Each structure stands twice: as structure tokens, then as C-alpha cells.
Amino acid sequence: MKEPKILKQAGIFDAGKQIGTMQIVSYFDIPPPHIEFWIDEGYQNKGIVTESLKKYFNEIKSEFSQLMAVVEEDNLASARVLDKVGFTRLSKMKDKDTYLIDFRHGRGVLEGFVKQWEGLGNK
């Protein structure tokens, strides 16, 4: 698989030490771009990524109207982070869940779309 193109990147810091990264990447130049993030194990489950992403999104939402995230289905912590920062779960592909955030239209529009889609027998 081709390496993604990094469109934007920012560090997550604690007391001046970088403890994680948030980046927006493009796979095969197909929109929407993806958000990826990680944090050192000792800092996980403390709300640091959630707060960092909220601030990051305030800075970048004028540059990107939508972002996608793909999460392994057993990565419950990342799924919770995405939910807390406004992503909507769109679909499940094999062992991964796909999420989308729309900075223009908000969560309600996406949730309505997902309910209609699932009502047609799609899950």
C-alpha cells in the first residue's frame, strides 16, 4: 500500500515533552482526508487526545470541510475519542469502523444520513 501524504501535522505535548502526534493525511489523493493520532501509552485514557483534537480542529476546520477516521473495531479508546470530538460512525468494513466529521453541516446531518442508509438494509 502506498504511504499516505501528510497534509498537516501537530504534536501533542505535556510540560514541553512531545507525547503524541495528530496528523491529517491523504490516501491516494481521494477525499476526504483522514485524521490519525497516537499518544504514548503512559498518557492514554486521560482525555489528553480528546482535548488536543478539539483545539486542533478549531485551528484547521477552515482548511478541511470533512475528515475521515478508520479505527480497528477493538480500539475502543480511539472510537470514544472520535465520538467525543464530533465524529459520526458511518460504516463497518471487515474489522474496522469508519467515522466522518463534517465541519460545515455538523453531526445531525450525518446521523440522519446514516439512519436513512441503515433503514435501506445497509449496515
# chains A, B, ... in the order shown; residues from 1 in each chain; ligands from 1
call {"tool": "residues_around", "arguments": {"residues": "stretch 41-49 of chain A", "least_positions_apart": "6", "cutoff": "8 Å", "atoms": "only C-alpha atoms", "output": "PyMOL selection string"}}
result
chain A and resi 12+19+77+81
call {"tool": "write_last_selection", "arguments": {"atoms": "N, CA and C atoms", "output": "PDB file, in the first residue's frame"}}
result
ATOM      1  N   ILE A  12       1.444  16.558  20.207  1.00  0.00           N
ATOM      2  CA  ILE A  12       0.726  16.627  21.475  1.00  0.00           C
ATOM      3  C   ILE A  12       1.808  16.687  22.541  1.00  0.00           C
ATOM      4  N   ILE A  19       4.459  13.979  23.463  1.00  0.00           N
ATOM      5  CA  ILE A  19       3.955  12.682  23.916  1.00  0.00           C
ATOM      6  C   ILE A  19       3.042  12.031  22.877  1.00  0.00           C
ATOM      7  N   ALA A  77     -10.883   2.867  22.829  1.00  0.00           N
ATOM      8  CA  ALA A  77     -10.451   4.179  23.305  1.00  0.00           C
ATOM      9  C   ALA A  77     -10.461   5.202  22.169  1.00  0.00           C
ATOM     10  N   VAL A  81     -12.800   8.607  21.657  1.00  0.00           N
ATOM     11  CA  VAL A  81     -12.242   9.931  21.349  1.00  0.00           C
ATOM     12  C   VAL A  81     -12.963  10.532  20.151  1.00  0.00           C
TER      13      VAL A  81
END
call {"tool": "select_by_dssp", "arguments": {"residues": "chain A", "states": "alpha helix (DSSP H)", "output": "PyMOL selection string"}}
result
chain A and resi 48-60+76-84+107-119
call {"tool": "atom_distance", "arguments": {"atom1": "atom CA of A:Asn75", "atom2": "atom CA of A:Thr88"}}
result
15.8 Å
call {"tool": "residues_around", "arguments": {"residues": "A:Asp97", "least_positions_apart": "4", "cutoff": "12 Å", "atoms": "only C-alpha atoms", "output": "PyMOL selection string"}}
result
chain A and resi 68-76+78-79+82+87-93+123
call {"tool": "write_last_selection", "arguments": {"atoms": "C-alpha atoms", "output": "compact mmCIF listing (two decimals), in the first residue's frame"}}
result
# COMPACT_ATOMS: atom_id res chain seq x y z
CA MET A 68 -12.45 10.66 7.98
CA ALA A 69 -11.02 8.22 10.51
CA VAL A 70 -10.70 4.45 10.33
CA VAL A 71 -10.36 2.56 13.60
CA GLU A 72 -9.76 -1.10 14.38
CA GLU A 73 -13.03 -2.36 15.88
CA ASP A 74 -11.31 -3.41 19.13
CA ASN A 75 -9.72 0.04 19.63
CA LEU A 76 -12.50 1.29 21.89
CA SER A 78 -9.94 5.76 19.86
CA ALA A 79 -13.60 5.21 19.00
CA LEU A 82 -13.78 10.26 17.88
CA PHE A 87 -17.32 12.20 14.54
CA THR A 88 -20.21 10.02 13.38
CA ARG A 89 -19.72 6.28 12.81
CA LEU A 90 -20.60 5.63 9.19
CA SER A 91 -19.84 2.01 8.48
CA LYS A 92 -18.00 -1.16 9.34
CA MET A 93 -15.58 -2.71 6.86
CA LYS A 123 -25.04 -1.65 7.87
call {"tool": "atom_distance", "arguments": {"atom1": "atom CA of A:Ile101", "atom2": "atom CA of A:Lys54"}}
result
12.0 Å
call {"tool": "residues_around", "arguments": {"residues": "A:Lys55", "least_positions_apart": "3", "cutoff": "12 Å", "atoms": "only C-alpha atoms", "output": "number ranges by chain"}}
result
A: 10-12, 22, 48-52, 58-61, 85
call {"tool": "atom_distance", "arguments": {"atom1": "atom CA of A:Glu63", "atom2": "atom CA of A:Lys96"}}
result
26.8 Å
call {"tool": "closest_residue", "arguments": {"among": "A:Tyr99, A:Ser62, A:Ile39, A:Pro33", "to": "A:Asp14", "atoms": "only C-alpha atoms"}}
result
A:Ile39
call {"tool": "select_by_dssp", "arguments": {"residues": "stretch 32-97 of chain A", "states": "strand (DSSP E)", "output": "number ranges by chain"}}
result
A: 34-39, 66-72, 88-93, 96-97
call {"tool": "closest_residue", "arguments": {"among": "A:Leu7, A:Leu100, A:Ile24, A:Ile30", "to": "A:Tyr56", "atoms": "only C-alpha atoms"}}
result
A:Ile24
call {"tool": "residues_around", "arguments": {"residues": "A:Pro32", "least_positions_apart": "3", "cutoff": "9 Å", "atoms": "only C-alpha atoms", "output": "MDAnalysis selection string"}}
result
chainID A and resid 26 29 64:68 100
